[in-house]
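Trainee: Sharing protein38.cif here; it has mmCIF, C-alpha atoms (C1' of nucleotides).
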```cif
data_target
loop_
_atom_site.label_atom_id
_atom_site.label_comp_id
_atom_site.auth_asym_id
_atom_site.auth_seq_id
_atom_site.Cartn_x
_atom_site.Cartn_y
_atom_site.Cartn_z
CA MET C 1 -3.05 22.63 22.78
CA ASP C 2 -6.42 23.72 24.22
CA ARG C 3 -9.72 23.20 22.37
CA SER C 4 -10.31 26.98 22.49
CA PHE C 5 -7.61 27.23 19.80
CA PHE C 6 -10.28 26.07 17.33
CA ASP C 7 -12.96 28.59 18.39
CA ARG C 8 -12.11 30.88 15.44
CA LYS C 9 -12.80 31.02 11.71
CA VAL C 10 -11.55 28.06 9.67
CA ASN C 11 -9.35 30.08 7.38
CA GLU C 12 -7.67 31.65 10.37
CA VAL C 13 -7.04 28.34 12.14
CA ALA C 14 -6.15 26.21 9.10
CA PRO C 15 -2.76 27.75 8.23
CA GLU C 16 -1.80 27.64 11.91
CA LEU C 17 -2.30 23.87 11.91
CA ILE C 18 0.63 23.42 9.53
CA GLY C 19 3.49 22.13 11.65
CA VAL C 20 1.29 21.06 14.58
CA GLU C 21 2.11 17.63 16.00
CA LEU C 22 -0.95 15.33 15.89
CA LEU C 23 -0.88 12.04 17.79
CA VAL C 24 -3.68 9.49 18.17
CA ASN C 25 -2.87 7.05 20.98
CA GLY C 26 0.75 8.13 20.62
CA VAL C 27 0.95 7.51 16.88
CA GLY C 28 1.27 10.33 14.34
CA GLY C 29 3.48 13.21 13.28
CA GLU C 30 3.51 16.76 11.94
CA ILE C 31 0.50 18.10 10.04
CA VAL C 32 1.65 19.19 6.55
CA GLU C 33 -1.67 19.54 4.64
CA VAL C 34 -5.25 20.59 5.55
CA GLU C 35 -8.41 21.93 3.88
CA ALA C 36 -11.02 24.37 5.25
CA TYR C 37 -14.81 23.86 4.94
CA SER C 38 -17.60 26.21 5.99
CA PRO C 39 -21.42 26.07 5.70
CA GLU C 40 -21.91 29.00 3.30
CA GLU C 41 -19.95 27.22 0.58
CA PRO C 42 -21.34 24.22 -1.40
CA GLY C 43 -18.21 22.08 -1.05
CA SER C 44 -18.97 21.58 2.63
CA HIS C 45 -20.95 18.71 4.17
CA SER C 46 -22.71 21.31 6.33
CA PHE C 47 -23.91 23.36 3.31
CA ARG C 48 -27.29 21.61 3.23
CA GLY C 49 -27.88 21.72 6.95
CA ARG C 50 -27.60 19.32 9.84
CA THR C 51 -27.96 15.56 9.28
CA ALA C 52 -27.12 12.45 11.26
CA ARG C 53 -23.76 12.17 9.54
CA ASN C 54 -22.52 15.72 10.01
CA ALA C 55 -23.94 16.30 13.53
CA SER C 56 -20.46 16.69 15.03
CA MET C 57 -19.69 19.49 12.60
CA PHE C 58 -22.60 21.45 14.11
CA GLY C 59 -21.30 20.89 17.64
CA PRO C 60 -18.75 22.87 19.65
CA PRO C 61 -15.30 23.71 18.21
CA GLY C 62 -12.28 21.71 19.28
CA HIS C 63 -13.91 18.35 18.62
CA ALA C 64 -13.41 15.70 15.92
CA TYR C 65 -15.73 15.16 12.96
CA VAL C 66 -15.04 11.74 11.43
CA TYR C 67 -17.00 10.49 8.41
CA ARG C 68 -16.78 7.61 5.92
CA SER C 69 -15.63 8.49 2.44
CA TYR C 70 -16.53 6.52 -0.71
CA GLY C 71 -17.79 3.68 1.46
CA ILE C 72 -14.25 2.60 2.26
CA HIS C 73 -12.13 5.24 3.97
CA TRP C 74 -12.42 7.36 7.10
CA CYS C 75 -11.61 11.08 7.11
CA LEU C 76 -10.73 13.25 10.13
CA ASN C 77 -11.77 16.90 10.60
CA PHE C 78 -11.27 19.42 13.40
CA VAL C 79 -14.45 21.39 14.14
CA CYS C 80 -13.92 25.18 14.19
CA GLY C 81 -15.86 28.31 15.18
CA PRO C 82 -16.42 30.91 16.30
CA GLY C 83 -19.17 29.18 18.25
CA GLU C 84 -21.22 26.35 16.75
CA VAL C 85 -21.10 27.44 13.09
CA ALA C 86 -20.68 24.03 11.40
CA SER C 87 -17.24 24.61 9.93
CA GLY C 88 -14.28 22.30 10.01
CA ILE C 89 -10.79 21.49 8.79
CA LEU C 90 -9.99 18.24 6.97
CA ILE C 91 -6.62 16.79 7.97
CA ARG C 92 -5.14 15.60 4.67
CA ALA C 93 -1.51 14.64 5.33
CA LEU C 94 1.11 14.14 8.05
CA GLU C 95 4.85 13.76 8.09
CA PRO C 96 5.13 10.54 10.13
CA ALA C 97 7.26 10.84 13.28
CA SER C 98 5.92 8.70 16.15
CA GLY C 99 4.89 5.04 15.94
CA VAL C 100 6.11 4.68 12.37
CA ASP C 101 6.32 0.90 12.61
CA GLU C 102 2.74 0.69 13.86
CA MET C 103 1.64 2.86 10.93
CA ARG C 104 3.52 0.59 8.53
CA ALA C 105 1.77 -2.45 9.98
CA ARG C 106 -1.68 -0.89 9.73
CA ARG C 107 -1.10 0.26 6.15
CA GLY C 108 0.76 -2.86 5.01
CA LEU C 109 3.31 -0.56 3.40
CA ASP C 110 6.93 0.42 4.02
CA ASP C 111 7.26 3.76 2.19
CA VAL C 112 7.10 6.49 4.87
CA ARG C 113 6.12 9.06 2.27
CA LEU C 114 2.86 7.23 1.54
CA LEU C 115 1.85 6.30 5.09
CA CYS C 116 -0.17 9.48 5.76
CA ALA C 117 -0.28 11.24 2.34
CA GLY C 118 -4.06 11.61 1.99
CA PRO C 119 -7.05 11.79 4.36
CA GLY C 120 -7.99 8.11 4.03
CA ARG C 121 -4.41 6.91 4.33
CA LEU C 122 -3.82 9.09 7.37
CA CYS C 123 -6.84 7.68 9.21
CA GLU C 124 -5.80 4.13 8.43
CA ALA C 125 -2.25 4.79 9.67
CA LEU C 126 -3.45 6.44 12.89
CA GLY C 127 -6.27 3.97 13.53
CA VAL C 128 -8.96 6.66 13.29
CA THR C 129 -12.51 5.31 12.72
CA GLY C 130 -16.08 6.43 13.31
CA VAL C 131 -15.82 5.75 17.04
CA TYR C 132 -13.69 8.91 17.32
CA ASP C 133 -16.46 11.08 15.87
CA GLY C 134 -17.37 13.88 18.28
CA LEU C 135 -14.49 13.34 20.72
CA PRO C 136 -12.69 16.42 22.16
CA LEU C 137 -9.29 17.15 20.66
CA ASP C 138 -7.57 18.21 23.89
CA GLU C 139 -8.02 14.83 25.60
CA PRO C 140 -6.84 11.29 24.87
CA PRO C 141 -6.76 9.53 22.48
CA PHE C 142 -5.86 12.82 20.78
CA SER C 143 -2.75 14.87 21.47
CA LEU C 144 -1.99 18.18 19.73
CA ARG C 145 1.15 20.26 20.19
CA ALA C 146 1.95 23.58 18.52
CA PRO C 147 5.29 23.90 16.71
CA SER C 148 8.12 25.81 18.37
CA GLU C 149 8.35 28.05 15.30
CA PRO C 150 5.70 28.78 12.64
CA HIS C 151 6.29 27.16 9.26
CA ALA C 152 6.06 28.62 5.76
CA VAL C 153 2.60 27.84 4.31
CA VAL C 154 1.49 27.47 0.69
CA VAL C 155 -2.12 27.71 -0.54
CA GLY C 156 -4.13 26.20 -3.39
CA PRO C 157 -7.54 24.89 -4.47
CA ARG C 158 -9.05 21.95 -2.62
CA ILE C 159 -8.84 18.39 -3.96
CA GLY C 160 -11.51 15.95 -5.09
CA LEU C 161 -14.47 18.36 -5.14
CA SER C 162 -16.99 19.03 -7.88
CA LYS C 163 -18.32 22.24 -6.29
CA ALA C 164 -16.57 25.43 -5.17
CA ILE C 165 -13.44 24.10 -6.82
CA ASP C 166 -11.91 27.57 -7.17
CA LEU C 167 -11.68 28.46 -3.47
CA PRO C 168 -8.01 28.45 -2.40
CA TRP C 169 -8.74 26.77 0.92
CA ARG C 170 -6.08 24.06 0.82
CA TYR C 171 -3.04 24.77 2.99
CA GLY C 172 0.28 22.96 2.99
CA ARG C 173 3.75 23.14 4.44
CA ALA C 174 6.03 24.76 1.86
CA GLY C 175 8.40 22.24 0.31
CA SER C 176 7.07 19.22 2.21
CA LEU C 177 7.59 15.84 0.54
CA PHE C 178 4.72 14.32 2.54
CA VAL C 179 1.70 16.16 1.04
CA SER C 180 -0.92 14.13 -0.86
CA ARG C 181 -0.36 16.15 -4.05
CA SER C 182 1.93 18.98 -5.07
CA PHE C 183 0.83 22.61 -4.77
CA ASN C 184 2.21 23.49 -8.22
CA ALA C 185 0.31 25.63 -10.70
CA ALA C 186 -2.76 26.96 -8.98
"C1'" DC G 1 4.41 9.66 -15.67
"C1'" DA G 2 -0.77 10.42 -17.13
"C1'" DG G 3 -5.23 8.75 -17.44
"C1'" DT G 4 -9.00 5.46 -16.40
"C1'" DG G 5 -12.03 2.64 -13.81
"C1'" DG G 6 -13.49 -0.45 -9.97
"C1'" DA G 7 -14.31 -1.20 -5.05
"C1'" DT G 8 -17.72 -0.21 -1.60
"C1'" DG G 9 -21.32 1.75 1.75
"C1'" DC G 10 -23.73 5.34 3.31
"C1'" DT G 11 -26.42 9.78 2.74
"C1'" DC G 12 -29.69 12.37 0.66
"C1'" DT G 13 -33.10 13.27 -3.33
"C1'" DG K 1 -30.84 5.79 -7.64
"C1'" DA K 2 -27.19 9.16 -7.83
"C1'" DG K 3 -23.22 10.94 -5.95
"C1'" DC K 4 -19.53 11.25 -3.29
"C1'" DA K 5 -13.93 16.00 0.98
"C1'" DT K 6 -10.60 8.34 -1.75
"C1'" DC K 7 -7.33 4.90 -2.94
"C1'" DC K 8 -5.27 1.41 -5.71
"C1'" DA K 9 -4.30 -1.27 -9.77
"C1'" DC K 10 -3.90 -1.26 -14.30
"C1'" DT K 11 -3.25 0.59 -18.88
"C1'" DG K 12 -0.44 3.05 -22.38
"C1'" DT K 13 3.25 6.00 -23.36
#
```
Let's see the structure in the file written out as structure tokens.
Mentor:
Amino acid sequence: MDRSFFDRKVNEVAPELIGVELLVNGVGGEIVEVEAYSPEEPGSHSFRGRTARNASMFGPPGHAYVYRSYGIHWCLNFVCGPGEVASGILIRALEPASGVDEMRARRGLDDVRLLCAGPGRLCEALGVTGVYDGLPLDEPPFSLRAPSEPHAVVVGPRIGLSKAIDLPWRYGRAGSLFVSRSFNAA
DNA sequence: CAGTGGATGCTCT
DNA sequence: GAGCATCCACTGT
């Protein structure tokens, strides 16, 4: 999957990420949950302009934006466009498929359903840290592959925000048991 | 199950 | 000094 795939608006790209295979150094699985963020909306890190932390978000599409969350976890985003417009997509959950034992070891947990069900869990399972911030998505250690057939997508409000909580910018694979939270009752 | 609170570090006011 | 794009353990049903 070429980095030009991401050179479009977040809410166009985000639903198309559902079902995409994401591997980091060969470990990962199928994306089942994402959230869109864009600079004109106060839920986004880029809403208040460029800073040292969010610099990657202001860079070219098709690159990673990795930041630390609550002092403890890492979270992975894909920078989108069109052009350098400081928008991105948070990868929130995967259905584990490749390197499951390595993910279990990193997470210290057996239950496959909980290995990548949440942005912080996913980064721990895939070994994503701040050193990946700004790296292109179409080169190692990343590997992205589109699904053979598009999947049914469900939509809902984003999770864990105190601002812009009503925007339905969370996308998930319909019926997936590997999402971080159910999409019931918008 | 649902709800609560602590851990923990960095960014921005 | 406040506030997090989170997770886990613990409480009480």
Trainee: Pick out the residues sitting within 7 Å of stretch 61-72 of chain C, and hand them over as an mmCIF file with C-alpha atoms (C1' of nucleotides), in the coordinates of the input; count all atoms listed in the file, and ignore anything fewer than 3 positions along from it in its own chain.
Mentor:
```cif
data_model
loop_
_atom_site.group_PDB
_atom_site.id
_atom_site.type_symbol
_atom_site.label_atom_id
_atom_site.label_comp_id
_atom_site.auth_asym_id
_atom_site.auth_seq_id
_atom_site.Cartn_x
_atom_site.Cartn_y
_atom_site.Cartn_z
ATOM 1 C CA ARG C 3 -9.720 23.200 22.370
ATOM 2 C CA SER C 4 -10.310 26.980 22.490
ATOM 3 C CA PHE C 6 -10.280 26.070 17.330
ATOM 4 C CA ASP C 7 -12.960 28.590 18.390
ATOM 5 C CA SER C 56 -20.460 16.690 15.030
ATOM 6 C CA MET C 57 -19.690 19.490 12.600
ATOM 7 C CA CYS C 75 -11.610 11.080 7.110
ATOM 8 C CA LEU C 76 -10.730 13.250 10.130
ATOM 9 C CA ASN C 77 -11.770 16.900 10.600
ATOM 10 C CA PHE C 78 -11.270 19.420 13.400
ATOM 11 C CA VAL C 79 -14.450 21.390 14.140
ATOM 12 C CA CYS C 80 -13.920 25.180 14.190
ATOM 13 C CA GLY C 81 -15.860 28.310 15.180
ATOM 14 C CA GLY C 83 -19.170 29.180 18.250
ATOM 15 C CA GLU C 84 -21.220 26.350 16.750
ATOM 16 C CA GLY C 130 -16.080 6.430 13.310
ATOM 17 C CA TYR C 132 -13.690 8.910 17.320
ATOM 18 C CA ASP C 133 -16.460 11.080 15.870
ATOM 19 C CA GLY C 134 -17.370 13.880 18.280
ATOM 20 C CA LEU C 135 -14.490 13.340 20.720
ATOM 21 C CA PRO C 136 -12.690 16.420 22.160
ATOM 22 C CA LEU C 137 -9.290 17.150 20.660
ATOM 23 C "C1'" DT G 8 -17.720 -0.210 -1.600
ATOM 24 C "C1'" DG G 9 -21.320 1.750 1.750
ATOM 25 C "C1'" DC G 10 -23.730 5.340 3.310
ATOM 26 C "C1'" DC K 4 -19.530 11.250 -3.290
ATOM 27 C "C1'" DT K 6 -10.600 8.340 -1.750
#
```
Trainee: Box time for chain K: axis-aligned, enclosing all its listed atoms, 5 Å extra on each side; report centre and edge lengths in Å to one decimal, as JSON.
Mentor:
```
{"center_x": -13.8, "center_y": 7.4, "center_z": -11.2, "size_x": 44.1, "size_y": 27.3, "size_z": 34.3}
```
Trainee: Around (1.5, -0.8, -17.2) in the file's own coordinates, what residues are found within 12 Å if you use only C-alpha atoms (C1' of nucleotides), given back as a list in words?
Mentor: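 Residues lying no farther than 12 Å from the given point: DC1, DA2 and DG3 of chain G; DA9, DC10, DT11, DG12 and DT13 of chain K.
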Trainee: Please identify every residue of chain C that has at least one atom no more than 12 Å from any atom of chain K, counting only C-alpha atoms (C1' of nucleotides), and report them as a ChimeraX atom specification.
Mentor: /C:34-38,42-46,66-77,88-92,107,114,117-124,158-165,169-170,180
Trainee: Hey, what's within 9 Å of C:Gly127 if we count only C-alpha atoms (C1' of nucleotides) and toss same-chain stuff fewer than 2 positions away? As an mmCIF file with C-alpha atoms, keeping the file's coordinate frame, please?
Mentor:
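Okay, around01.cif is ready:
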```
data_model
loop_
_atom_site.group_PDB
_atom_site.id
_atom_site.type_symbol
_atom_site.label_atom_id
_atom_site.label_comp_id
_atom_site.auth_asym_id
_atom_site.auth_seq_id
_atom_site.Cartn_x
_atom_site.Cartn_y
_atom_site.Cartn_z
ATOM 1 C CA VAL C 24 -3.680 9.490 18.170
ATOM 2 C CA ASN C 25 -2.870 7.050 20.980
ATOM 3 C CA VAL C 27 0.950 7.510 16.880
ATOM 4 C CA MET C 103 1.640 2.860 10.930
ATOM 5 C CA ARG C 106 -1.680 -0.890 9.730
ATOM 6 C CA LEU C 122 -3.820 9.090 7.370
ATOM 7 C CA CYS C 123 -6.840 7.680 9.210
ATOM 8 C CA GLU C 124 -5.800 4.130 8.430
ATOM 9 C CA ALA C 125 -2.250 4.790 9.670
ATOM 10 C CA THR C 129 -12.510 5.310 12.720
#
```
Trainee: Between atom CA of C:Glu21 and atom CA of C:Ala174, measure the distance and give it in Å to one decimal.
Mentor: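 Calculated distance between atom CA of C:Glu21 and atom CA of C:Ala174 is 16.3 Å.
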Trainee: Set the distance at 9 Å and use only C-alpha atoms (C1' of nucleotides): which residues neighbour C:Gly29 once local chain neighbours fewer than 2 positions away are removed? I'd like the list as a PyMOL selection string.
Mentor: chain C and resi 20-23+27+31+94-100
Trainee: In Å, with one decimal, what is the gap from atom CA of C:Leu167 to atom CA of C:Phe183?
Mentor: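 Pair atom CA of C:Leu167 / atom CA of C:Phe183 returns 13.9 Å.
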Trainee: What is the distance, in Å and to one decimal place, between atom CA of C:Ser87 and atom CA of C:Ile18?
Mentor: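 Answer for the atom CA of C:Ser87 to atom CA of C:Ile18 separation: 17.9 Å.
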Trainee: Counting all atoms listed in the file, which of C:Ala105, C:Ala86, C:Val179, C:Ala52 gets nearest to chain G?
Mentor: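 Nearest candidate to chain G out of C:Ala105, C:Ala86, C:Val179, C:Ala52: C:Ala52.
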Trainee: Hey, what comes out of the PyMOL selection byres ((chain C and resi 155) around 8) on this file? Could you write it as a list in words?
Mentor: Val153, Val154, Gly156, Pro157, Pro168, Trp169, Arg170, Tyr171, Gly172 and Phe183 of chain C
Trainee: Pick from C:Arg53, C:Cys116, C:Asp111, C:Gly59: nearest to chain G, with only C-alpha atoms (C1' of nucleotides) counted?
Mentor: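 Closest to chain G of all the choices is C:Arg53.
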Trainee: I'd like to know which of C:Arg8, C:Arg48, C:Phe142, C:Ala152 is closest to chain G, using only C-alpha atoms (C1' of nucleotides).
Mentor: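 Closest to chain G, using only C-alpha atoms (C1' of nucleotides): C:Arg48.
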Trainee: How about completing stretch 35-57 of chain C with N, CA, C and O atoms and giving it to me as a PDB file, in the frame of the given file?
Mentor:
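Saved result, part_8.pdb, follows:
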```pdb
ATOM      1  N   GLU C  35      -7.462  21.174   4.685  1.00  0.00           N
ATOM      2  CA  GLU C  35      -8.410  21.930   3.880  1.00  0.00           C
ATOM      3  C   GLU C  35      -9.510  22.490   4.769  1.00  0.00           C
ATOM      4  O   GLU C  35      -9.964  21.813   5.684  1.00  0.00           O
ATOM      5  N   ALA C  36      -9.977  23.729   4.462  1.00  0.00           N
ATOM      6  CA  ALA C  36     -11.020  24.370   5.250  1.00  0.00           C
ATOM      7  C   ALA C  36     -12.384  24.173   4.588  1.00  0.00           C
ATOM      8  O   ALA C  36     -12.494  24.162   3.356  1.00  0.00           O
ATOM      9  N   TYR C  37     -13.427  24.005   5.421  1.00  0.00           N
ATOM     10  CA  TYR C  37     -14.810  23.860   4.940  1.00  0.00           C
ATOM     11  C   TYR C  37     -15.737  24.674   5.828  1.00  0.00           C
ATOM     12  O   TYR C  37     -15.621  24.629   7.050  1.00  0.00           O
ATOM     13  N   SER C  38     -16.666  25.426   5.197  1.00  0.00           N
ATOM     14  CA  SER C  38     -17.600  26.210   5.990  1.00  0.00           C
ATOM     15  C   SER C  38     -18.982  26.194   5.331  1.00  0.00           C
ATOM     16  O   SER C  38     -19.107  25.974   4.121  1.00  0.00           O
ATOM     17  N   PRO C  39     -20.054  26.391   6.132  1.00  0.00           N
ATOM     18  CA  PRO C  39     -21.420  26.070   5.700  1.00  0.00           C
ATOM     19  C   PRO C  39     -21.976  26.968   4.600  1.00  0.00           C
ATOM     20  O   PRO C  39     -22.969  26.604   3.965  1.00  0.00           O
ATOM     21  N   GLU C  40     -21.361  28.127   4.336  1.00  0.00           N
ATOM     22  CA  GLU C  40     -21.910  29.000   3.300  1.00  0.00           C
ATOM     23  C   GLU C  40     -21.365  28.672   1.920  1.00  0.00           C
ATOM     24  O   GLU C  40     -21.596  29.403   0.965  1.00  0.00           O
ATOM     25  N   GLU C  41     -20.685  27.541   1.800  1.00  0.00           N
ATOM     26  CA  GLU C  41     -19.950  27.220   0.580  1.00  0.00           C
ATOM     27  C   GLU C  41     -20.306  25.786   0.209  1.00  0.00           C
ATOM     28  O   GLU C  41     -20.292  24.898   1.069  1.00  0.00           O
ATOM     29  N   PRO C  42     -20.724  25.505  -1.045  1.00  0.00           N
ATOM     30  CA  PRO C  42     -21.340  24.220  -1.400  1.00  0.00           C
ATOM     31  C   PRO C  42     -20.401  23.016  -1.376  1.00  0.00           C
ATOM     32  O   PRO C  42     -20.862  21.889  -1.536  1.00  0.00           O
ATOM     33  N   GLY C  43     -19.106  23.223  -1.173  1.00  0.00           N
ATOM     34  CA  GLY C  43     -18.210  22.080  -1.050  1.00  0.00           C
ATOM     35  C   GLY C  43     -18.292  21.412   0.309  1.00  0.00           C
ATOM     36  O   GLY C  43     -17.781  20.313   0.493  1.00  0.00           O
ATOM     37  N   SER C  44     -18.969  22.070   1.253  1.00  0.00           N
ATOM     38  CA  SER C  44     -18.970  21.580   2.630  1.00  0.00           C
ATOM     39  C   SER C  44     -20.128  20.629   2.915  1.00  0.00           C
ATOM     40  O   SER C  44     -21.236  20.817   2.401  1.00  0.00           O
ATOM     41  N   HIS C  45     -19.878  19.623   3.750  1.00  0.00           N
ATOM     42  CA  HIS C  45     -20.950  18.710   4.170  1.00  0.00           C
ATOM     43  C   HIS C  45     -22.053  19.462   4.901  1.00  0.00           C
ATOM     44  O   HIS C  45     -23.203  19.028   4.900  1.00  0.00           O
ATOM     45  N   SER C  46     -21.717  20.577   5.533  1.00  0.00           N
ATOM     46  CA  SER C  46     -22.710  21.310   6.330  1.00  0.00           C
ATOM     47  C   SER C  46     -23.516  22.289   5.491  1.00  0.00           C
ATOM     48  O   SER C  46     -24.430  22.937   6.012  1.00  0.00           O
ATOM     49  N   PHE C  47     -23.235  22.386   4.188  1.00  0.00           N
ATOM     50  CA  PHE C  47     -23.910  23.360   3.310  1.00  0.00           C
ATOM     51  C   PHE C  47     -25.414  23.157   3.297  1.00  0.00           C
ATOM     52  O   PHE C  47     -26.183  24.108   3.261  1.00  0.00           O
ATOM     53  N   ARG C  48     -25.858  21.898   3.313  1.00  0.00           N
ATOM     54  CA  ARG C  48     -27.290  21.610   3.230  1.00  0.00           C
ATOM     55  C   ARG C  48     -27.928  21.380   4.581  1.00  0.00           C
ATOM     56  O   ARG C  48     -29.011  20.808   4.661  1.00  0.00           O
ATOM     57  N   GLY C  49     -27.267  21.829   5.641  1.00  0.00           N
ATOM     58  CA  GLY C  49     -27.880  21.720   6.950  1.00  0.00           C
ATOM     59  C   GLY C  49     -27.485  20.466   7.701  1.00  0.00           C
ATOM     60  O   GLY C  49     -26.770  19.608   7.191  1.00  0.00           O
ATOM     61  N   ARG C  50     -27.979  20.392   8.934  1.00  0.00           N
ATOM     62  CA  ARG C  50     -27.600  19.320   9.840  1.00  0.00           C
ATOM     63  C   ARG C  50     -28.246  17.998   9.455  1.00  0.00           C
ATOM     64  O   ARG C  50     -29.423  17.937   9.118  1.00  0.00           O
ATOM     65  N   THR C  51     -27.467  16.925   9.513  1.00  0.00           N
ATOM     66  CA  THR C  51     -27.960  15.560   9.280  1.00  0.00           C
ATOM     67  C   THR C  51     -27.325  14.651  10.324  1.00  0.00           C
ATOM     68  O   THR C  51     -26.496  15.097  11.131  1.00  0.00           O
ATOM     69  N   ALA C  52     -27.702  13.391  10.305  1.00  0.00           N
ATOM     70  CA  ALA C  52     -27.120  12.450  11.260  1.00  0.00           C
ATOM     71  C   ALA C  52     -25.613  12.351  11.063  1.00  0.00           C
ATOM     72  O   ALA C  52     -24.850  12.321  12.027  1.00  0.00           O
ATOM     73  N   ARG C  53     -25.182  12.338   9.804  1.00  0.00           N
ATOM     74  CA  ARG C  53     -23.760  12.170   9.540  1.00  0.00           C
ATOM     75  C   ARG C  53     -22.932  13.336  10.046  1.00  0.00           C
ATOM     76  O   ARG C  53     -21.912  13.149  10.703  1.00  0.00           O
ATOM     77  N   ASN C  54     -23.379  14.565   9.727  1.00  0.00           N
ATOM     78  CA  ASN C  54     -22.520  15.720  10.010  1.00  0.00           C
ATOM     79  C   ASN C  54     -22.817  16.378  11.352  1.00  0.00           C
ATOM     80  O   ASN C  54     -22.380  17.509  11.593  1.00  0.00           O
ATOM     81  N   ALA C  55     -23.537  15.701  12.255  1.00  0.00           N
ATOM     82  CA  ALA C  55     -23.940  16.300  13.530  1.00  0.00           C
ATOM     83  C   ALA C  55     -22.746  16.885  14.289  1.00  0.00           C
ATOM     84  O   ALA C  55     -22.850  17.975  14.861  1.00  0.00           O
ATOM     85  N   SER C  56     -21.622  16.207  14.272  1.00  0.00           N
ATOM     86  CA  SER C  56     -20.460  16.690  15.030  1.00  0.00           C
ATOM     87  C   SER C  56     -19.964  18.033  14.514  1.00  0.00           C
ATOM     88  O   SER C  56     -19.434  18.851  15.257  1.00  0.00           O
ATOM     89  N   MET C  57     -20.143  18.247  13.205  1.00  0.00           N
ATOM     90  CA  MET C  57     -19.690  19.490  12.600  1.00  0.00           C
ATOM     91  C   MET C  57     -20.502  20.674  13.136  1.00  0.00           C
ATOM     92  O   MET C  57     -20.028  21.810  13.141  1.00  0.00           O
TER      93      MET C  57
END
```
